[in-house]
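Notes follow the structure.
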Amino acid sequence: MYIWELPEWQNADCPTFIWQSDAIATKLKELADHQRRLIDRHQSLASSPQTNDNGLNDNGLNDELNAAHIDALVASALRSSEIEGEHLDVSSLRSSVVTQLGLDKGGFYDNKKNGTQQTDALVQLLLSATTDINQPISTDVLCQWQSALFPDPSAHETLRIGALRGNDKMQVVSGRIDRPTVHFEAPPREGLDKELNRFNRWFNQTPSEFDPFIRAGVAHLWFITLHPFDDGNGRVARALTDRALAQAEGVSARYYSLSAAIMRRRKEYYDILEHTQSHSLDITPWLNWFLDVLIDAMQQGQHRFDRVIRKARFWQRHAQTLLNERQIKVLNRLLDSWGEEFLDGINASKYGRVGKVSKATSTRELADLVAKNCLVKLPGGGRSTRYTLCTDTHSA
């Protein structure tokens with residue numbers, strides 16, 4: 001029996017979800033602390049503008065805040081699609097983000113590739129979900145979000161786009177076509193409009209006693225259990241969750257990516273959903289998992305801030321340093337992946353792969369970067385010589 005078949009699901013205002021408060025109290029406090037630090041960092045950077053005459057770009061944020069916002073949006077779009085097995089081009093996504101934020105590409109984007117119809121539509125969905133935070137959710141709004149995932153209807157002729165699913169059973173399956181494993185079956189089409197209206201009403205008028213993080217977790221689970229569309233349910237559910245979190249924070253710009261954190265635990269995500277949807281309305285296990293992922297996402301958000309500030313300060317120091325295009329590309333790669341890639345530094349071979357040059361040229365340009373205090377040589381030598389960024393912690 002699925003949870004939507006239980007009598008407790010039919011409560012007029014909201015399914016009678018229950019959870020063990022003591023089991024999640026510590027995580028809620030930790031999340032509140034992480035959230036406060038992110039908001040404080042936003043306010044701190046916003047009060048020290050560095051761009052144009054008034055220090056702000058057209059969207060009201062300075063360069064460091066914009067860089068963190070761009071990075072989080074790209075991660076959300078990329079990973080939310082990857083959770084569903086769809087892989088998008090990172091360069092096109094970044095171009096779409098910068099364009100739709102109304103920013104100058106020259107300041108935030110060094111790749112000539114433009115956004116595609118698909119990446120433009122996806123970014124528009126993410127921005128709509130987190131910027132118009134006071135707009136009520138409705139079935140029409142959700143249908144618009146779903147249609148943004150499929151900007152070329154001719155490529156998806158079997159899907160209902162911008163409309164609720166049809167009368168066929170909606171099942172989540174895996175395995176062989178002739179012997180599929182059914183992981184979940186959604187509520188029947190009959191009554192779905194009423195179910196979705198109940199969800200929308202609850203989302204728009206959630207009682208004040210609901211903790212905002214619990215509200216986000218309940219909204220995610222409830223919507224994805226309804227599974228109202230032929231396709232795109234997971235991505236719309238994650239956009240809805242972002243809307244709930246943006247409403248709780250009162251900040252439209254996103255600096256952390258829930259989708260990226262879920263992608264790192266993709267199998268767990270599907271397992272916990274399957275477990276929760278086929279047991280009881282005691283959703284303590286789901287909330288425990290969801291809050292853990294949200295903690296991870298916010299910690300990554302802190303790291304994102306650290307990374308963009310480090311990058312901004314690096315280029316402030318080297319504003320007058322003469323570098324060629326390859327050197328700038330490699331340095332940006334190191335700065336953008338700080339703490340994630342090249343943890344052991346970069347050597348001539350890796351430099352050559354990133355810059356697409358010979359090992360001899362790589363060695364010469366690496367030495368030049370050391371001489372210009374852009375890189376420092378790590379202990380060791382010979383063929384294994386590695387280099388890392390010269391930052392505030394290194395003496396020039």
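Here, A, B, ... name the chains of the structure tokens in the order displayed, residue numbers run from 1 inside each chain, and ligands are numbered from 1 in the same displayed order.
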*Excluding stretch 350-362 of chain A and any residue of its chain fewer than 3 positions from it, enumerate the residues within 8 Å of it, using only C-alpha atoms, and give them as a ChimeraX atom specification.*
/A:326-327,329-330,346-347,365-366
Take the residues from that selection and put them in a file with N, CA and C atoms, as a compact mmCIF listing (two decimals), in the first residue's frame.
```
# COMPACT_ATOMS: atom_id res chain seq x y z
N ARG A 326 46.24 31.16 -22.53
CA ARG A 326 46.32 29.82 -21.93
C ARG A 326 46.54 29.92 -20.43
N GLN A 327 47.43 30.79 -20.04
CA GLN A 327 47.73 30.93 -18.61
C GLN A 327 46.49 31.39 -17.84
N LYS A 329 43.41 30.86 -18.70
CA LYS A 329 42.47 29.74 -18.70
C LYS A 329 42.82 28.74 -17.60
N VAL A 330 44.10 28.39 -17.49
CA VAL A 330 44.52 27.42 -16.48
C VAL A 330 44.33 27.98 -15.07
N ILE A 346 48.97 21.07 -9.90
CA ILE A 346 48.96 20.82 -11.34
C ILE A 346 50.40 20.64 -11.82
N ASN A 347 50.60 19.68 -12.70
CA ASN A 347 51.93 19.48 -13.27
C ASN A 347 51.90 19.84 -14.76
N GLU A 365 55.63 27.81 -19.49
CA GLU A 365 54.60 28.73 -19.01
C GLU A 365 54.35 28.57 -17.51
N LEU A 366 54.52 27.36 -17.00
CA LEU A 366 54.41 27.16 -15.55
C LEU A 366 55.52 27.93 -14.82
```
*Run DSSP on the backbone and grab whatever in stretch 45-278 of chain A lands in strand (DSSP E or B); send it over as an NGL selection string.*
:A and (51 or 55 or 171-175 or 180-185)
*asked:* With only C-alpha atoms as the counted atoms, please give the residues lying no more than 7 Å from A:Ser96, apart from itself and same-chain residues fewer than 5 positions off, as a list in words.
replied: Gly115, Thr119, Asp120 and Val123 of chain A
Could you save the residues just selected, with C-alpha atoms, as a PDB file, in the first residue's frame?
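Okay, result-v8.pdb is ready:
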```pdb
ATOM      1  CA  GLY A 115      23.202  29.100 -24.552  1.00  0.00           C
ATOM      2  CA  THR A 119      19.565  25.655 -21.375  1.00  0.00           C
ATOM      3  CA  ASP A 120      17.863  29.048 -21.726  1.00  0.00           C
ATOM      4  CA  VAL A 123      17.650  28.587 -16.408  1.00  0.00           C
TER       5      VAL A 123
END
```
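Of the listed residues A:Leu335, A:Leu103, A:Ala12, A:Leu221, the one whose atoms come nearest to A:Glu274 is A:Leu221, with distances taken using only C-alpha atoms.
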*Tell me, as a list in words, which residues lie within 9 Å of A:Ala253, counting only C-alpha atoms; anything in the same chain fewer than 4 positions away does not count.*
Leu65, Asn66, His69, Leu127, Thr130, Thr131 and Ala246 of chain A
Keeping only C-alpha atoms, write those residues as a PDB file, in the first residue's frame.
```
ATOM      1  CA  LEU A  65      27.883  37.761  -5.124  1.00  0.00           C
ATOM      2  CA  ASN A  66      27.116  37.389  -8.822  1.00  0.00           C
ATOM      3  CA  HIS A  69      25.017  33.047  -7.694  1.00  0.00           C
ATOM      4  CA  LEU A 127      15.132  31.887 -11.876  1.00  0.00           C
ATOM      5  CA  THR A 130      13.532  31.570  -6.830  1.00  0.00           C
ATOM      6  CA  THR A 131      12.932  35.202  -7.784  1.00  0.00           C
ATOM      7  CA  ALA A 246      14.134  31.115  -0.951  1.00  0.00           C
TER       8      ALA A 246
END
```
*Shell around A:Phe305 at 12 Å using only C-alpha atoms, local window under 2 positions removed, as a ChimeraX atom specification*: /A:37-42,44-45,63-72,254-256,298-303,307-312,336,338
List every residue of stretch 150-269 of chain A that has an atom at most 9 Å from any atom of stretch 275-292 of chain A, and for each one report the closest atom pair and its distance in Å to one decimal, counting only C-alpha atoms, with rows sorted by chain and then by increasing residue number, as a tab-separated table.
```
residue	atom	partner	partner_atom	distance
A:His183	CA	A:Ser278	CA	8.9
A:Phe184	CA	A:Gln277	CA	7.4
A:Phe213	CA	A:Leu291	CA	7.5
A:Ile214	CA	A:Leu287	CA	7.1
A:Gly217	CA	A:Leu287	CA	6.3
A:Val218	CA	A:Leu287	CA	8.0
A:Leu221	CA	A:Trp286	CA	8.3
A:Thr225	CA	A:Gln277	CA	7.1
A:Ile262	CA	A:Phe290	CA	8.8
A:Glu268	CA	A:Trp289	CA	8.7
A:Tyr269	CA	A:Trp289	CA	8.4
```
*Find the residues near A:Val370: any atom within 10 Å, counting only C-alpha atoms, skip ones fewer than 3 places away on the same chain, and give them as a ChimeraX atom specification.*
/A:365-367,373-377,387-390,396
Output of the above residues as a PDB file, in the first residue's frame, restricted to N, CA and C atoms:
```
ATOM      1  N   GLU A 365      55.632  27.806 -19.488  1.00  0.00           N
ATOM      2  CA  GLU A 365      54.599  28.727 -19.009  1.00  0.00           C
ATOM      3  C   GLU A 365      54.349  28.567 -17.510  1.00  0.00           C
ATOM      4  N   LEU A 366      54.517  27.361 -16.996  1.00  0.00           N
ATOM      5  CA  LEU A 366      54.407  27.164 -15.551  1.00  0.00           C
ATOM      6  C   LEU A 366      55.518  27.929 -14.822  1.00  0.00           C
ATOM      7  N   ALA A 367      56.734  27.856 -15.359  1.00  0.00           N
ATOM      8  CA  ALA A 367      57.853  28.586 -14.751  1.00  0.00           C
ATOM      9  C   ALA A 367      57.590  30.088 -14.774  1.00  0.00           C
ATOM     10  N   ASN A 373      54.555  35.160  -9.533  1.00  0.00           N
ATOM     11  CA  ASN A 373      53.856  34.966  -8.253  1.00  0.00           C
ATOM     12  C   ASN A 373      52.386  34.580  -8.422  1.00  0.00           C
ATOM     13  N   CYS A 374      52.073  33.887  -9.513  1.00  0.00           N
ATOM     14  CA  CYS A 374      50.729  33.341  -9.705  1.00  0.00           C
ATOM     15  C   CYS A 374      50.648  31.921  -9.150  1.00  0.00           C
ATOM     16  N   LEU A 375      51.735  31.187  -9.274  1.00  0.00           N
ATOM     17  CA  LEU A 375      51.811  29.820  -8.758  1.00  0.00           C
ATOM     18  C   LEU A 375      53.029  29.695  -7.860  1.00  0.00           C
ATOM     19  N   VAL A 376      53.005  28.689  -6.997  1.00  0.00           N
ATOM     20  CA  VAL A 376      54.186  28.328  -6.215  1.00  0.00           C
ATOM     21  C   VAL A 376      54.468  26.851  -6.452  1.00  0.00           C
ATOM     22  N   LYS A 377      55.744  26.503  -6.397  1.00  0.00           N
ATOM     23  CA  LYS A 377      56.149  25.117  -6.602  1.00  0.00           C
ATOM     24  C   LYS A 377      55.969  24.353  -5.291  1.00  0.00           C
ATOM     25  N   TYR A 387      52.518  22.313  -8.983  1.00  0.00           N
ATOM     26  CA  TYR A 387      52.377  23.713  -8.617  1.00  0.00           C
ATOM     27  C   TYR A 387      50.963  23.955  -8.096  1.00  0.00           C
ATOM     28  N   THR A 388      50.854  24.937  -7.234  1.00  0.00           N
ATOM     29  CA  THR A 388      49.539  25.328  -6.738  1.00  0.00           C
ATOM     30  C   THR A 388      49.436  26.848  -6.753  1.00  0.00           C
ATOM     31  N   LEU A 389      48.239  27.357  -6.554  1.00  0.00           N
ATOM     32  CA  LEU A 389      48.008  28.801  -6.610  1.00  0.00           C
ATOM     33  C   LEU A 389      48.777  29.522  -5.513  1.00  0.00           C
ATOM     34  N   CYS A 390      49.314  30.667  -5.857  1.00  0.00           N
ATOM     35  CA  CYS A 390      49.938  31.533  -4.876  1.00  0.00           C
ATOM     36  C   CYS A 390      48.835  32.420  -4.313  1.00  0.00           C
ATOM     37  N   ALA A 396      55.012  35.825  -1.385  1.00  0.00           N
ATOM     38  CA  ALA A 396      55.384  36.047  -2.779  1.00  0.00           C
ATOM     39  C   ALA A 396      56.914  36.097  -2.905  1.00  0.00           C
TER      40      ALA A 396
END
```
*What does the distance from atom CA of A:Ile24 to atom CA of A:Ala216 come to in Å, to one decimal?*
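Computed distance, atom CA of A:Ile24 to atom CA of A:Ala216, equals 14.2 Å.
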*Extract the full set of helix (DSSP H, G or I) residues from stretch 15-166 of chain A according to DSSP on the backbone, and format it as a ChimeraX atom specification.*
/A:21-46,63-83,90-100,105-108,117-131,139-148,153-155
*If we count only C-alpha atoms, what is near A:Ala219 at a cut-off of 9 Å, once residues fewer than 5 positions away on the same chain are taken out, given as an NGL selection string?*
:A and (199 or 203 or 214 or 224 or 237 or 240-241 or 244)
For those residues, write N, CA and C atoms to a file as a PDB file, in the first residue's frame.
```
ATOM      1  N   PHE A 199      -2.519  20.600  -2.555  1.00  0.00           N
ATOM      2  CA  PHE A 199      -1.090  20.864  -2.360  1.00  0.00           C
ATOM      3  C   PHE A 199      -0.786  22.351  -2.537  1.00  0.00           C
ATOM      4  N   PHE A 203       0.806  24.882   0.183  1.00  0.00           N
ATOM      5  CA  PHE A 203       2.102  25.522  -0.069  1.00  0.00           C
ATOM      6  C   PHE A 203       1.987  27.035   0.083  1.00  0.00           C
ATOM      7  N   ILE A 214      11.450  21.857   7.395  1.00  0.00           N
ATOM      8  CA  ILE A 214      10.492  20.754   7.330  1.00  0.00           C
ATOM      9  C   ILE A 214       9.490  21.016   6.214  1.00  0.00           C
ATOM     10  N   ILE A 224       6.285  15.113  -5.292  1.00  0.00           N
ATOM     11  CA  ILE A 224       6.823  14.032  -6.110  1.00  0.00           C
ATOM     12  C   ILE A 224       5.997  12.757  -5.947  1.00  0.00           C
ATOM     13  N   ALA A 237       9.863  19.270  -8.763  1.00  0.00           N
ATOM     14  CA  ALA A 237       9.877  19.126  -7.301  1.00  0.00           C
ATOM     15  C   ALA A 237      11.068  19.841  -6.698  1.00  0.00           C
ATOM     16  N   LEU A 240      10.488  23.560  -6.833  1.00  0.00           N
ATOM     17  CA  LEU A 240       9.554  23.923  -5.767  1.00  0.00           C
ATOM     18  C   LEU A 240      10.272  24.003  -4.419  1.00  0.00           C
ATOM     19  N   THR A 241      11.168  23.071  -4.176  1.00  0.00           N
ATOM     20  CA  THR A 241      11.920  23.067  -2.923  1.00  0.00           C
ATOM     21  C   THR A 241      12.803  24.295  -2.834  1.00  0.00           C
ATOM     22  N   ALA A 244      10.632  27.159  -1.816  1.00  0.00           N
ATOM     23  CA  ALA A 244      10.342  27.131  -0.375  1.00  0.00           C
ATOM     24  C   ALA A 244      11.526  27.650   0.430  1.00  0.00           C
TER      25      ALA A 244
END
```
*Between atom CA of A:Asp193 and atom CA of A:Leu226, what is the distance, to one decimal in Å?*
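The value is 10.1 Å.
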Enumerate, in order of chain and increasing residue number, the residues of stretch 217-244 of chain A with an atom no farther than 12 Å from stretch 77-83 of chain A, each with its shortest atom pair and distance in Å to one decimal, counting only C-alpha atoms, as JSON lines.
```
{"residue": "A:Gly232", "atom": "CA", "partner": "A:Ser81", "partner_atom": "CA", "distance": 9.4}
{"residue": "A:Asn233", "atom": "CA", "partner": "A:Ser80", "partner_atom": "CA", "distance": 11.1}
{"residue": "A:Gly234", "atom": "CA", "partner": "A:Ser80", "partner_atom": "CA", "distance": 8.1}
{"residue": "A:Arg235", "atom": "CA", "partner": "A:Ser80", "partner_atom": "CA", "distance": 6.1}
{"residue": "A:Val236", "atom": "CA", "partner": "A:Ser80", "partner_atom": "CA", "distance": 9.5}
{"residue": "A:Ala237", "atom": "CA", "partner": "A:Ser80", "partner_atom": "CA", "distance": 10.1}
{"residue": "A:Arg238", "atom": "CA", "partner": "A:Ser80", "partner_atom": "CA", "distance": 7.6}
{"residue": "A:Ala239", "atom": "CA", "partner": "A:Ser80", "partner_atom": "CA", "distance": 9.1}
{"residue": "A:Asp242", "atom": "CA", "partner": "A:Ser80", "partner_atom": "CA", "distance": 11.6}
```
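Distances here use only C-alpha atoms; by that measure, the residue among A:Thr321, A:Asp368, A:Asn204, A:Ala261 closest to A:Gln135 is A:Asn204.
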_One-decimal distance in Å that lies between atom CA of A:Arg266 and atom CA of A:Leu192_ =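 Taking atom CA of A:Leu192 and atom CA of A:Arg266, their separation equals 27.5 Å.
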